[in-house]
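S.K.: Contents of structure-v1.txt (compact mmCIF, C-alpha atoms and all ligand atoms) are below:
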# COMPACT_ATOMS: atom_id res chain seq x y z
CA MET A 1 33.85 33.82 -24.74
CA VAL A 2 32.51 30.57 -26.22
CA ASP A 3 29.71 28.15 -25.38
CA ALA A 4 30.85 25.19 -23.31
CA VAL A 5 29.81 22.64 -20.72
CA VAL A 6 31.21 23.25 -17.23
CA VAL A 7 31.30 20.98 -14.17
CA ARG A 8 31.64 23.02 -10.95
CA ALA A 9 30.88 20.14 -8.56
CA THR A 10 30.93 16.42 -9.34
CA GLY A 11 27.67 14.50 -9.40
CA GLY A 12 24.85 13.33 -11.64
CA PRO A 13 24.15 14.49 -15.20
CA GLU A 14 22.56 17.68 -13.78
CA VAL A 15 26.02 19.05 -12.92
CA LEU A 16 26.75 19.45 -16.65
CA GLU A 17 26.11 23.19 -16.88
CA PHE A 18 25.83 25.01 -20.21
CA ALA A 19 27.94 28.16 -19.78
CA GLN A 20 30.32 30.61 -21.42
CA ILE A 21 34.06 30.21 -20.92
CA ASP A 22 37.26 31.93 -22.01
CA VAL A 23 39.58 29.80 -24.11
CA PRO A 24 43.21 30.96 -23.96
CA GLU A 25 45.60 31.45 -26.88
CA PRO A 26 47.42 28.20 -27.74
CA GLY A 27 50.68 27.75 -25.83
CA THR A 28 53.86 25.98 -26.93
CA GLY A 29 53.03 22.78 -28.79
CA GLU A 30 49.29 23.50 -28.79
CA LEU A 31 46.51 24.15 -31.31
CA LEU A 32 43.38 26.24 -30.83
CA VAL A 33 40.57 24.39 -32.60
CA ASP A 34 37.01 25.31 -33.56
CA VAL A 35 35.18 22.19 -32.42
CA ALA A 36 32.82 20.79 -35.06
CA ALA A 37 31.83 17.77 -32.96
CA ALA A 38 32.89 16.37 -29.59
CA GLY A 39 32.74 12.64 -28.86
CA VAL A 40 30.86 11.52 -25.76
CA ASN A 41 32.62 8.68 -23.95
CA TYR A 42 31.96 6.63 -20.87
CA ILE A 43 35.07 8.09 -19.26
CA ASP A 44 33.35 11.49 -19.35
CA THR A 45 30.75 10.10 -16.96
CA TYR A 46 33.52 8.88 -14.59
CA HIS A 47 35.05 12.39 -14.62
CA ARG A 48 31.64 13.99 -14.07
CA ARG A 49 30.93 11.70 -11.11
CA GLY A 50 34.40 12.17 -9.61
CA LEU A 51 35.34 8.50 -10.04
CA TYR A 52 38.50 9.70 -11.78
CA PRO A 53 39.13 12.98 -9.92
CA LYS A 54 39.82 16.21 -11.82
CA ASP A 55 40.43 19.76 -10.58
CA LEU A 56 37.20 21.79 -10.45
CA PRO A 57 35.75 23.53 -12.34
CA PHE A 58 36.44 21.74 -15.62
CA THR A 59 35.00 21.34 -19.09
CA PRO A 60 34.52 17.63 -19.85
CA GLY A 61 35.34 15.78 -23.05
CA ASN A 62 38.62 14.38 -24.34
CA GLU A 63 37.82 13.82 -27.96
CA GLY A 64 36.63 15.77 -30.94
CA ALA A 65 37.21 17.03 -34.45
CA GLY A 66 37.26 20.47 -35.97
CA VAL A 67 39.26 23.12 -37.75
CA VAL A 68 42.53 24.65 -36.54
CA ALA A 69 41.91 28.33 -35.67
CA ALA A 70 45.40 29.18 -34.35
CA VAL A 71 48.75 27.44 -33.97
CA GLY A 72 50.98 27.89 -30.91
CA PRO A 73 54.80 28.18 -30.89
CA ASP A 74 56.92 25.15 -31.81
CA VAL A 75 54.14 23.32 -33.64
CA THR A 76 55.06 21.67 -36.91
CA GLY A 77 52.82 19.86 -39.35
CA PHE A 78 49.62 21.82 -38.70
CA ALA A 79 48.29 25.09 -40.13
CA VAL A 80 45.24 27.29 -39.65
CA GLY A 81 42.31 25.76 -41.56
CA ASP A 82 43.42 22.11 -41.22
CA HIS A 83 40.77 19.55 -40.27
CA VAL A 84 42.02 17.62 -37.25
CA ALA A 85 40.72 15.06 -34.79
CA TRP A 86 42.01 14.30 -31.31
CA ALA A 87 41.56 11.77 -28.56
CA GLU A 88 43.24 13.07 -25.44
CA ALA A 89 42.64 16.79 -25.00
CA ALA A 90 40.68 17.98 -21.98
CA GLY A 91 37.80 20.41 -22.49
CA SER A 92 36.34 19.18 -25.78
CA TYR A 93 32.68 19.87 -24.79
CA ALA A 94 33.02 23.46 -26.08
CA GLN A 95 32.89 25.56 -29.23
CA ARG A 96 36.66 26.00 -29.02
CA ALA A 97 39.32 23.87 -27.35
CA ILE A 98 43.05 23.75 -26.80
CA VAL A 99 44.51 20.54 -28.24
CA PRO A 100 48.13 19.39 -27.77
CA ALA A 101 49.52 19.03 -31.30
CA HIS A 102 50.92 15.58 -30.43
CA SER A 103 47.33 14.40 -29.73
CA ALA A 104 45.97 15.72 -33.04
CA PHE A 105 45.79 13.95 -36.37
CA ALA A 106 44.79 15.21 -39.83
CA VAL A 107 41.32 14.00 -40.83
CA PRO A 108 41.53 12.28 -44.22
CA GLU A 109 39.43 13.41 -47.19
CA GLY A 110 35.99 11.82 -47.11
CA VAL A 111 35.80 11.36 -43.32
CA SER A 112 33.26 13.73 -41.75
CA ASP A 113 34.01 15.71 -38.61
CA GLU A 114 31.28 13.80 -36.76
CA VAL A 115 32.71 10.42 -37.67
CA ALA A 116 36.25 11.55 -36.85
CA ALA A 117 35.11 13.00 -33.51
CA ALA A 118 33.19 9.85 -32.65
CA SER A 119 35.89 7.39 -33.57
CA MET A 120 39.19 8.63 -32.14
CA LEU A 121 39.04 7.63 -28.47
CA GLN A 122 36.92 4.54 -29.01
CA GLY A 123 38.71 3.52 -32.23
CA LEU A 124 42.21 3.97 -30.80
CA THR A 125 41.09 1.93 -27.81
CA ALA A 126 39.85 -0.87 -30.06
CA HIS A 127 43.12 -0.64 -32.00
CA TYR A 128 45.46 -0.98 -29.02
CA LEU A 129 43.36 -3.70 -27.40
CA VAL A 130 43.42 -6.05 -30.39
CA THR A 131 46.85 -5.17 -31.76
CA SER A 132 48.86 -4.77 -28.54
CA THR A 133 47.10 -5.78 -25.31
CA TYR A 134 46.05 -9.17 -26.58
CA PRO A 135 47.02 -9.23 -30.29
CA VAL A 136 44.30 -11.23 -32.03
CA LYS A 137 45.70 -13.94 -34.33
CA PRO A 138 43.87 -15.75 -37.13
CA GLY A 139 41.93 -18.61 -35.59
CA ASP A 140 41.64 -17.06 -32.10
CA THR A 141 38.20 -16.95 -30.55
CA VAL A 142 37.66 -13.84 -28.43
CA LEU A 143 34.77 -12.56 -26.32
CA ILE A 144 33.74 -8.89 -26.60
CA HIS A 145 31.28 -7.43 -24.09
CA ALA A 146 28.83 -4.58 -24.82
CA ALA A 147 29.56 -5.21 -28.48
CA ALA A 148 27.01 -2.70 -29.80
CA GLY A 149 28.54 0.18 -27.83
CA GLY A 150 31.02 2.76 -29.08
CA VAL A 151 34.17 0.76 -28.35
CA GLY A 152 32.30 -2.51 -28.86
CA LEU A 153 31.33 -2.09 -32.52
CA LEU A 154 34.86 -0.96 -33.37
CA LEU A 155 36.42 -3.82 -31.40
CA VAL A 156 34.32 -6.41 -33.22
CA GLN A 157 35.35 -5.05 -36.62
CA THR A 158 39.01 -4.73 -35.67
CA ALA A 159 39.18 -8.24 -34.19
CA LYS A 160 37.49 -9.68 -37.30
CA SER A 161 39.91 -7.82 -39.58
CA ARG A 162 42.75 -9.69 -37.84
CA GLY A 163 41.15 -13.07 -38.50
CA GLY A 164 39.56 -13.66 -35.11
CA LYS A 165 36.27 -15.38 -34.37
CA VAL A 166 34.12 -13.09 -32.23
CA ILE A 167 31.59 -14.02 -29.58
CA ALA A 168 29.77 -10.84 -28.60
CA THR A 169 27.50 -9.92 -25.69
CA VAL A 170 24.69 -7.33 -25.81
CA SER A 171 21.52 -6.55 -23.88
CA THR A 172 18.82 -6.16 -26.56
CA ALA A 173 17.63 -7.47 -29.93
CA GLU A 174 18.49 -4.16 -31.64
CA LYS A 175 22.01 -4.36 -30.25
CA GLU A 176 22.27 -8.00 -31.33
CA ASP A 177 21.52 -6.97 -34.95
CA LEU A 178 24.18 -4.28 -34.79
CA ALA A 179 26.81 -6.63 -33.37
CA ARG A 180 26.09 -9.19 -36.10
CA GLY A 181 26.24 -6.41 -38.70
CA ALA A 182 29.70 -5.48 -37.41
CA GLY A 183 30.82 -9.08 -38.00
CA ALA A 184 30.25 -10.91 -34.71
CA ASP A 185 30.06 -14.66 -35.33
CA GLU A 186 27.97 -15.39 -32.24
CA VAL A 187 25.94 -13.02 -30.10
CA VAL A 188 24.81 -13.74 -26.54
CA ARG A 189 22.17 -11.67 -24.69
CA TYR A 190 24.04 -11.54 -21.41
CA THR A 191 21.08 -10.00 -19.61
CA GLU A 192 19.02 -13.14 -20.27
CA THR A 193 21.56 -15.95 -20.63
CA ASP A 194 24.57 -17.10 -18.60
CA PHE A 195 27.26 -16.00 -21.04
CA ALA A 196 29.98 -18.20 -19.47
CA GLU A 197 27.84 -21.30 -20.14
CA GLU A 198 27.27 -20.13 -23.70
CA VAL A 199 30.98 -19.56 -24.26
CA GLU A 200 31.73 -23.03 -22.91
CA ARG A 201 29.20 -24.52 -25.33
CA LEU A 202 30.33 -22.45 -28.31
CA THR A 203 34.03 -23.26 -27.77
CA GLY A 204 33.52 -26.96 -26.98
CA GLY A 205 34.74 -26.38 -23.42
CA VAL A 206 38.04 -24.81 -24.50
CA GLY A 207 37.27 -21.18 -23.66
CA VAL A 208 38.41 -18.03 -25.41
CA ALA A 209 41.91 -16.70 -26.01
CA ALA A 210 40.90 -13.27 -24.73
CA VAL A 211 38.00 -11.42 -23.17
CA TYR A 212 37.73 -7.68 -23.84
CA ASP A 213 35.64 -6.47 -20.91
CA GLY A 214 34.62 -2.81 -20.61
CA VAL A 215 31.59 -3.64 -18.44
CA GLY A 216 33.43 -4.61 -15.24
CA LYS A 217 31.52 -5.35 -12.07
CA THR A 218 28.67 -7.46 -13.50
CA THR A 219 30.76 -9.43 -16.01
CA PHE A 220 34.16 -9.87 -14.35
CA ASP A 221 33.65 -13.19 -12.56
CA GLN A 222 32.17 -14.98 -15.55
CA SER A 223 34.73 -13.36 -17.87
CA VAL A 224 37.47 -15.14 -15.89
CA ASP A 225 35.52 -18.40 -16.25
CA CYS A 226 35.37 -17.96 -20.06
CA LEU A 227 39.14 -17.95 -20.56
CA ALA A 228 41.09 -20.77 -22.14
CA THR A 229 44.20 -21.94 -20.28
CA ARG A 230 46.69 -19.03 -20.37
CA GLY A 231 44.05 -16.75 -21.89
CA MET A 232 43.94 -13.02 -21.17
CA LEU A 233 41.25 -10.89 -19.59
CA ALA A 234 41.66 -7.29 -20.76
CA LEU A 235 39.52 -5.37 -18.29
CA PHE A 236 39.38 -1.95 -19.92
CA GLY A 237 36.39 -0.28 -18.31
CA ALA A 238 33.64 -0.32 -15.74
CA SER A 239 30.34 0.72 -17.31
CA SER A 240 28.47 -1.42 -14.72
CA GLY A 241 30.75 -0.32 -11.86
CA PRO A 242 34.30 -1.02 -10.65
CA VAL A 243 35.49 -4.58 -10.01
CA PRO A 244 36.23 -5.35 -6.32
CA PRO A 245 39.75 -6.49 -5.32
CA VAL A 246 40.83 -9.82 -6.85
CA ASP A 247 42.71 -12.69 -5.22
CA PRO A 248 45.60 -13.62 -7.57
CA GLN A 249 44.99 -17.29 -6.77
CA ARG A 250 41.84 -17.04 -8.91
CA LEU A 251 44.03 -16.53 -11.96
CA ASN A 252 45.97 -19.69 -11.10
CA ALA A 253 42.79 -21.73 -10.56
CA ALA A 254 41.35 -20.50 -13.86
CA GLY A 255 44.32 -21.95 -15.78
CA SER A 256 47.29 -19.58 -15.37
CA VAL A 257 45.25 -16.84 -16.99
CA LEU A 258 46.43 -13.25 -17.37
CA LEU A 259 44.58 -10.18 -16.10
CA THR A 260 45.40 -6.68 -17.32
CA ARG A 261 43.75 -3.30 -16.73
CA PRO A 262 45.00 -1.20 -19.66
CA LYS A 263 44.40 2.45 -20.58
CA LEU A 264 44.77 4.31 -23.85
CA GLY A 265 47.41 6.75 -22.60
CA ASP A 266 49.86 3.90 -22.03
CA PHE A 267 49.40 2.70 -25.61
CA THR A 268 49.87 6.16 -27.18
CA ARG A 269 52.93 7.11 -25.16
CA THR A 270 54.90 8.68 -27.97
CA ALA A 271 53.87 10.90 -30.87
CA ASP A 272 54.95 8.08 -33.22
CA GLU A 273 52.79 5.48 -31.49
CA PHE A 274 49.79 7.82 -31.49
CA ALA A 275 50.34 8.66 -35.18
CA TRP A 276 50.65 4.95 -36.10
CA ARG A 277 47.40 4.02 -34.39
CA ALA A 278 45.49 7.12 -35.55
CA GLY A 279 46.80 6.68 -39.11
CA GLU A 280 45.69 3.04 -39.30
CA LEU A 281 42.32 3.84 -37.75
CA LEU A 282 41.45 6.84 -39.91
CA SER A 283 42.72 5.13 -43.10
CA ALA A 284 40.51 2.12 -42.37
CA ILE A 285 37.54 4.46 -41.85
CA ALA A 286 38.37 6.42 -45.01
CA ASP A 287 38.61 3.27 -47.18
CA GLY A 288 35.44 1.81 -45.67
CA SER A 289 37.03 -1.21 -44.02
CA ILE A 290 35.86 0.09 -40.63
CA SER A 291 32.44 1.63 -40.33
CA VAL A 292 31.57 4.05 -37.53
CA THR A 293 28.01 4.27 -36.24
CA VAL A 294 27.15 7.76 -35.00
CA SER A 295 23.71 7.03 -33.61
CA GLU A 296 22.83 10.35 -31.99
CA ARG A 297 23.83 14.01 -32.12
CA TYR A 298 23.06 16.27 -29.16
CA PRO A 299 23.39 20.05 -28.92
CA LEU A 300 26.07 21.15 -26.45
CA ALA A 301 23.32 22.45 -24.16
CA GLU A 302 21.93 18.90 -23.92
CA ALA A 303 25.09 17.18 -22.69
CA ALA A 304 23.16 15.97 -19.63
CA ARG A 305 20.70 14.10 -21.85
CA ALA A 306 23.63 12.48 -23.68
CA HIS A 307 25.07 11.24 -20.37
CA ILE A 308 21.67 9.98 -19.18
CA ASP A 309 21.22 8.02 -22.42
CA LEU A 310 24.77 6.60 -22.33
CA GLN A 311 24.52 5.50 -18.70
CA GLY A 312 20.98 4.23 -19.26
CA ARG A 313 22.20 1.77 -21.96
CA LYS A 314 19.96 3.59 -24.46
CA THR A 315 22.69 4.41 -26.97
CA VAL A 316 24.26 2.25 -29.66
CA GLY A 317 27.58 2.90 -31.36
CA SER A 318 28.98 6.36 -30.76
CA ILE A 319 27.29 9.62 -29.83
CA VAL A 320 28.50 13.19 -30.30
CA LEU A 321 27.83 16.71 -29.08
CA VAL A 322 27.52 19.33 -31.77
CA PRO A 323 28.41 22.84 -30.52
N1 LIG A 401 40.79 1.74 -20.80
C1 LIG A 401 40.68 2.47 -21.90
O1 LIG A 401 41.68 2.81 -22.55
C2 LIG A 401 39.31 2.87 -22.36
C3 LIG A 401 39.15 3.76 -23.43
C4 LIG A 401 37.85 4.04 -23.89
C5 LIG A 401 36.76 3.46 -23.27
N2 LIG A 401 36.96 2.63 -22.20
C6 LIG A 401 35.84 1.95 -21.54
O2 LIG A 401 35.14 1.23 -22.52
C7 LIG A 401 33.82 1.03 -22.08
C8 LIG A 401 32.88 1.38 -23.23
O3 LIG A 401 32.92 2.80 -23.43
P1 LIG A 401 31.98 3.49 -24.51
O4 LIG A 401 32.21 4.95 -24.36
O5 LIG A 401 32.16 2.84 -25.83
O6 LIG A 401 30.52 3.16 -23.93
P2 LIG A 401 29.42 2.17 -24.57
O7 LIG A 401 30.00 0.80 -24.68
O8 LIG A 401 28.85 2.80 -25.79
O9 LIG A 401 28.30 2.19 -23.44
C9 LIG A 401 28.39 1.35 -22.33
C10 LIG A 401 27.69 0.00 -22.57
O10 LIG A 401 28.00 -0.83 -21.47
C11 LIG A 401 26.96 -1.78 -21.34
N3 LIG A 401 26.57 -1.93 -19.94
C12 LIG A 401 26.53 -3.11 -19.27
N4 LIG A 401 26.11 -2.92 -18.03
C13 LIG A 401 25.86 -1.60 -17.88
C14 LIG A 401 25.37 -0.80 -16.81
N5 LIG A 401 25.06 -1.34 -15.62
N6 LIG A 401 25.23 0.53 -17.00
C15 LIG A 401 25.54 1.07 -18.18
N7 LIG A 401 26.00 0.37 -19.25
C16 LIG A 401 26.16 -0.97 -19.11
C17 LIG A 401 25.78 -1.30 -22.20
O11 LIG A 401 25.66 -2.16 -23.33
P3 LIG A 401 24.54 -3.33 -23.28
O12 LIG A 401 23.24 -2.60 -23.13
O13 LIG A 401 24.68 -4.06 -24.54
O14 LIG A 401 24.88 -4.14 -22.05
C18 LIG A 401 26.19 0.10 -22.59
O15 LIG A 401 25.64 0.48 -23.84
C19 LIG A 401 33.64 1.89 -20.82
O16 LIG A 401 33.77 1.07 -19.70
C20 LIG A 401 34.81 2.85 -20.92
O17 LIG A 401 35.21 3.34 -19.68
C21 LIG A 401 38.21 2.34 -21.75
Spit out the file's structure as structure tokens when you get a sec.
Ligand SMILES: NC(=O)c1ccc[n+]([C@@H]2O[C@H](COP(=O)([O-])OP(=O)(O)OC[C@H]3O[C@@H](n4cnc5c(N)ncnc54)[C@H](OP(=O)(O)O)[C@@H]3O)[C@@H](O)[C@H]2O)c1
M.R.:
Amino acid sequence: MVDAVVVRATGGPEVLEFAQIDVPEPGTGELLVDVAAAGVNYIDTYHRRGLYPKDLPFTPGNEGAGVVAAVGPDVTGFAVGDHVAWAEAAGSYAQRAIVPAHSAFAVPEGVSDEVAAASMLQGLTAHYLVTSTYPVKPGDTVLIHAAAGGVGLLLVQTAKSRGGKVIATVSTAEKEDLARGAGADEVVRYTETDFAEEVERLTGGVGVAAVYDGVGKTTFDQSVDCLATRGMLALFGASSGPVPPVDPQRLNAAGSVLLTRPKLGDFTRTADEFAWRAGELLSAIADGSISVTVSERYPLAEAARAHIDLQGRKTVGSIVLVP
């Protein structure tokens, strides 16, 4: 038996129960991993609330880093004792977890377990958004919402590394400093200022080539208004709530703009694609060209507090649970 967080019924943060669970032996293609740190992501709150339904009971968490404790049949490339990180393995809020080998990647020398755990899901998301969903080109101006969040800080750095100019939105002065520190060229407090008007002013009325919007309900309408002709809105999350149905004619009226609602799983469809993105991400972290902010560490037993802080906009950068 190991310590874990268990959800027996969906609901508020109080349904995150600290409990003991059995973790099976690894099956074909799987690793059993001693979890050193588990990343806490907004999607965990959607699973907890039942917004994205899961079979009950379940242990939340998709992301983490740790040490391989056992290797299942037909696994190549991993051995007991290896440090690995993963982004898409259910049940990471636990002392031990089963991780599909194709979702695991070796953690490079010099990258701590906490940083690796914090950066996989959010970093791979930033990677696919700016390399594949709307590939940022030198000279592009892009708008990144919630830029001091976990995905946000990594998106700003990744977009800048590709030569983009970044306009960022945040809610507080502390978050503004962090977004600027990550490289944002302009920062708008979208809780105080009409960000679409600011974008119009900052781009001389042209608009941005892409908006990366993980906020959703409260930003969607103005995000459409910020786009340049034939620009792209990458709506990748809903931290403020889901966006209501959209009339396609709005995309025409806004200048033949493109709307996409991407998810990480579709951009890591093969082991090669996952390894490419994870390799680039972890190398950039190891050589210091991307910096990961782990702002808070919570004991496993305090997972509820982590969710309250994340949903209450109290966190910056990434947060982790430490079993
Ligand atoms: N599609 C994908 O592949 C994928 C993968 C990973 C994550 N995501 C999405 O990316 C987004 C960011 O995830 P994250 O884990 O890095 O979280 P996060 O950005 O660290 O936290 C969410 C942030 O959203 C902003 N926000 C705006 N309105 C909010 C509201 N009403 N309630 C709560 N927060 C609000 C807050 O920043 P301010 O205080 O600055 O407004 C808050 O800090 C989420 O929507 C998540 O679902 C999508």
S.K.: Using only C-alpha atoms and all ligand atoms, determine which residues fall within 6 Å of ligand LIG 401 (chain A), then list them as a PDB file with C-alpha atoms, in the coordinates of the input.
M.R.:
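Output saved as out23.pdb:
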ATOM      1  CA  ASN A  41      32.620   8.680 -23.950  1.00  0.00           C
ATOM      2  CA  TYR A  42      31.960   6.630 -20.870  1.00  0.00           C
ATOM      3  CA  ILE A  43      35.070   8.090 -19.260  1.00  0.00           C
ATOM      4  CA  LEU A 121      39.040   7.630 -28.470  1.00  0.00           C
ATOM      5  CA  GLN A 122      36.920   4.540 -29.010  1.00  0.00           C
ATOM      6  CA  THR A 125      41.090   1.930 -27.810  1.00  0.00           C
ATOM      7  CA  ALA A 146      28.830  -4.580 -24.820  1.00  0.00           C
ATOM      8  CA  ALA A 148      27.010  -2.700 -29.800  1.00  0.00           C
ATOM      9  CA  GLY A 149      28.540   0.180 -27.830  1.00  0.00           C
ATOM     10  CA  GLY A 150      31.020   2.760 -29.080  1.00  0.00           C
ATOM     11  CA  VAL A 151      34.170   0.760 -28.350  1.00  0.00           C
ATOM     12  CA  GLY A 152      32.300  -2.510 -28.860  1.00  0.00           C
ATOM     13  CA  VAL A 170      24.690  -7.330 -25.810  1.00  0.00           C
ATOM     14  CA  SER A 171      21.520  -6.550 -23.880  1.00  0.00           C
ATOM     15  CA  GLY A 214      34.620  -2.810 -20.610  1.00  0.00           C
ATOM     16  CA  VAL A 215      31.590  -3.640 -18.440  1.00  0.00           C
ATOM     17  CA  PHE A 236      39.380  -1.950 -19.920  1.00  0.00           C
ATOM     18  CA  GLY A 237      36.390  -0.280 -18.310  1.00  0.00           C
ATOM     19  CA  ALA A 238      33.640  -0.320 -15.740  1.00  0.00           C
ATOM     20  CA  SER A 239      30.340   0.720 -17.310  1.00  0.00           C
ATOM     21  CA  SER A 240      28.470  -1.420 -14.720  1.00  0.00           C
ATOM     22  CA  PRO A 262      45.000  -1.200 -19.660  1.00  0.00           C
ATOM     23  CA  LYS A 263      44.400   2.450 -20.580  1.00  0.00           C
ATOM     24  CA  LEU A 264      44.770   4.310 -23.850  1.00  0.00           C
ATOM     25  CA  LEU A 310      24.770   6.600 -22.330  1.00  0.00           C
ATOM     26  CA  GLN A 311      24.520   5.500 -18.700  1.00  0.00           C
ATOM     27  CA  GLY A 312      20.980   4.230 -19.260  1.00  0.00           C
ATOM     28  CA  ARG A 313      22.200   1.770 -21.960  1.00  0.00           C
ATOM     29  CA  THR A 315      22.690   4.410 -26.970  1.00  0.00           C
ATOM     30  CA  GLY A 317      27.580   2.900 -31.360  1.00  0.00           C
TER      31      GLY A 317
END
S.K.: Pick out the residues sitting within 9 Å of Phe78 of chain A, and hand them over as a short mmCIF file (atom, residue, chain, number, x, y, z; two decimals) with C-alpha atoms, keeping the file's coordinate frame; count only C-alpha atoms, and ignore anything fewer than 6 positions along from it in its own chain.
M.R.:
data_model
loop_
_atom_site.label_atom_id
_atom_site.label_comp_id
_atom_site.auth_asym_id
_atom_site.auth_seq_id
_atom_site.Cartn_x
_atom_site.Cartn_y
_atom_site.Cartn_z
CA LEU A 31 46.51 24.15 -31.31
CA VAL A 68 42.53 24.65 -36.54
CA VAL A 71 48.75 27.44 -33.97
CA VAL A 84 42.02 17.62 -37.25
CA ALA A 101 49.52 19.03 -31.30
CA ALA A 106 44.79 15.21 -39.83
#
S.K.: May I have the residues within 9 Å of Gly123 of chain A as a list in words, using only C-alpha atoms and disregarding those fewer than 6 positions away in the same chain?
M.R.: Gly150, Val151, Leu154, Leu155, Thr158, Arg277, Ala278, Leu281, Leu282 and Val292 of chain A
S.K.: Identify, on the basis of all atoms listed in the file, every residue whose closest approach to segment 179-193 of chain A does not exceed 8 Å; exclude the query and any residue fewer than 5 positions from it along the same chain; express the result as an NGL selection string.
M.R.: :A and (147-148 or 153-154 or 156-157 or 160 or 165-172 or 198)
S.K.: Write the residues of the preceding selection, restricted to C-alpha atoms, as a PDB file, in the frame of the given file.
M.R.:
ATOM      1  CA  ALA A 147      29.560  -5.210 -28.480  1.00  0.00           C
ATOM      2  CA  ALA A 148      27.010  -2.700 -29.800  1.00  0.00           C
ATOM      3  CA  LEU A 153      31.330  -2.090 -32.520  1.00  0.00           C
ATOM      4  CA  LEU A 154      34.860  -0.960 -33.370  1.00  0.00           C
ATOM      5  CA  VAL A 156      34.320  -6.410 -33.220  1.00  0.00           C
ATOM      6  CA  GLN A 157      35.350  -5.050 -36.620  1.00  0.00           C
ATOM      7  CA  LYS A 160      37.490  -9.680 -37.300  1.00  0.00           C
ATOM      8  CA  LYS A 165      36.270 -15.380 -34.370  1.00  0.00           C
ATOM      9  CA  VAL A 166      34.120 -13.090 -32.230  1.00  0.00           C
ATOM     10  CA  ILE A 167      31.590 -14.020 -29.580  1.00  0.00           C
ATOM     11  CA  ALA A 168      29.770 -10.840 -28.600  1.00  0.00           C
ATOM     12  CA  THR A 169      27.500  -9.920 -25.690  1.00  0.00           C
ATOM     13  CA  VAL A 170      24.690  -7.330 -25.810  1.00  0.00           C
ATOM     14  CA  SER A 171      21.520  -6.550 -23.880  1.00  0.00           C
ATOM     15  CA  THR A 172      18.820  -6.160 -26.560  1.00  0.00           C
ATOM     16  CA  GLU A 198      27.270 -20.130 -23.700  1.00  0.00           C
TER      17      GLU A 198
END
S.K.: Between atom CA of Tyr93 of chain A and atom CA of Asp74 of chain A, what is the spacing in Å?
M.R.: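 Distance reported for this atom pair: 25.8 Å.
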S.K.: Residues near Asn62 of chain A, anyone? I mean within 7 Å using all atoms listed in the file, not counting same-chain ones fewer than 6 positions away, as a list in words.
M.R.: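 Those residues are Ala87, Glu88, Ala89, Ala90, Gly91 and Ser92 of chain A.
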S.K.: Point out the residue among A:Ser161, A:Thr293, A:Thr218, A:Thr141 with the least atom-to-atom distance to Met232 of chain A, counting all atoms listed in the file.
M.R.: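 Of all the options, A:Thr141 lies closest to Met232 of chain A.
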S.K.: Of the candidates A:Asn252, A:Ser112, A:Thr76, A:Thr260, which shows the shortest atom-to-atom distance to Gly29 of chain A, using all atoms listed in the file?
M.R.: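 Among A:Asn252, A:Ser112, A:Thr76, A:Thr260, it is A:Thr76 that comes nearest to Gly29 of chain A.
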S.K.: Which residue out of A:Ala116, A:Val320, A:Val211, A:Val243 has the minimum interatomic distance to Ser291 of chain A when all atoms listed in the file are used?
M.R.: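 Closest to Ser291 of chain A, using all atoms listed in the file: A:Ala116.
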S.K.: Rounded to one decimal in Å, what is the spacing between atom CA of Thr229 of chain A and atom CA of Arg162 of chain A?
M.R.: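 Computing the Euclidean distance for atom CA of Thr229 of chain A and atom CA of Arg162 of chain A yields 21.5 Å.
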S.K.: Using all atoms listed in the file, pick whichever of A:Ala79, A:Ile290, A:Ala126, A:Ala173 has the shortest atom-to-atom distance to Tyr212 of chain A.
M.R.: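 Result for the nearest residue to Tyr212 of chain A: A:Ala126.
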S.K.: Counting all atoms listed in the file, which residue out of A:Leu300, A:Cys226, A:Val115, A:Ala69 sits closest to Ala4 of chain A?
M.R.: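 Of A:Leu300, A:Cys226, A:Val115, A:Ala69, the one nearest Ala4 of chain A is A:Leu300, counting all atoms listed in the file.
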S.K.: Write out as a CSV table (one decimal) with C-alpha atoms, keeping the file's coordinate frame the residues lying within 10 Å of Pro244 of chain A, counting all atoms listed in the file and excluding same-chain residues fewer than 6 positions away.
M.R.:
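Result file is selection39.csv:
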chain,number,residue,atom,x,y,z
A,216,GLY,CA,33.4,-4.6,-15.2
A,217,LYS,CA,31.5,-5.4,-12.1
A,220,PHE,CA,34.2,-9.9,-14.4
S.K.: Give as a PyMOL selection string every residue, naming chains and numbers as the document does, that has an atom within 8 Å of (43.6, -9.5, -21.1), counting only C-alpha atoms.
M.R.: chain A and resi 133-134+210-212+231-235+258-261
S.K.: Please determine the residues with any atom at most 12 Å from (52.9, 4.2, -33.5) (coordinates as given in the file, with only C-alpha atoms counting) and report them as a PyMOL selection string.
M.R.: chain A and resi 102+124+127-128+131-132+266-281
S.K.: Interatomic distance between atom CA of Val107 of chain A and atom CA of Pro323 of chain A?
M.R.: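 Interatomic distance, atom CA of Val107 of chain A to atom CA of Pro323 of chain A: 18.7 Å.
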S.K.: Of the candidates A:Ser256, A:Asp213, A:Thr45, A:Val7, which shows the shortest atom-to-atom distance to Asp309 of chain A, using all atoms listed in the file?
M.R.: A:Thr45
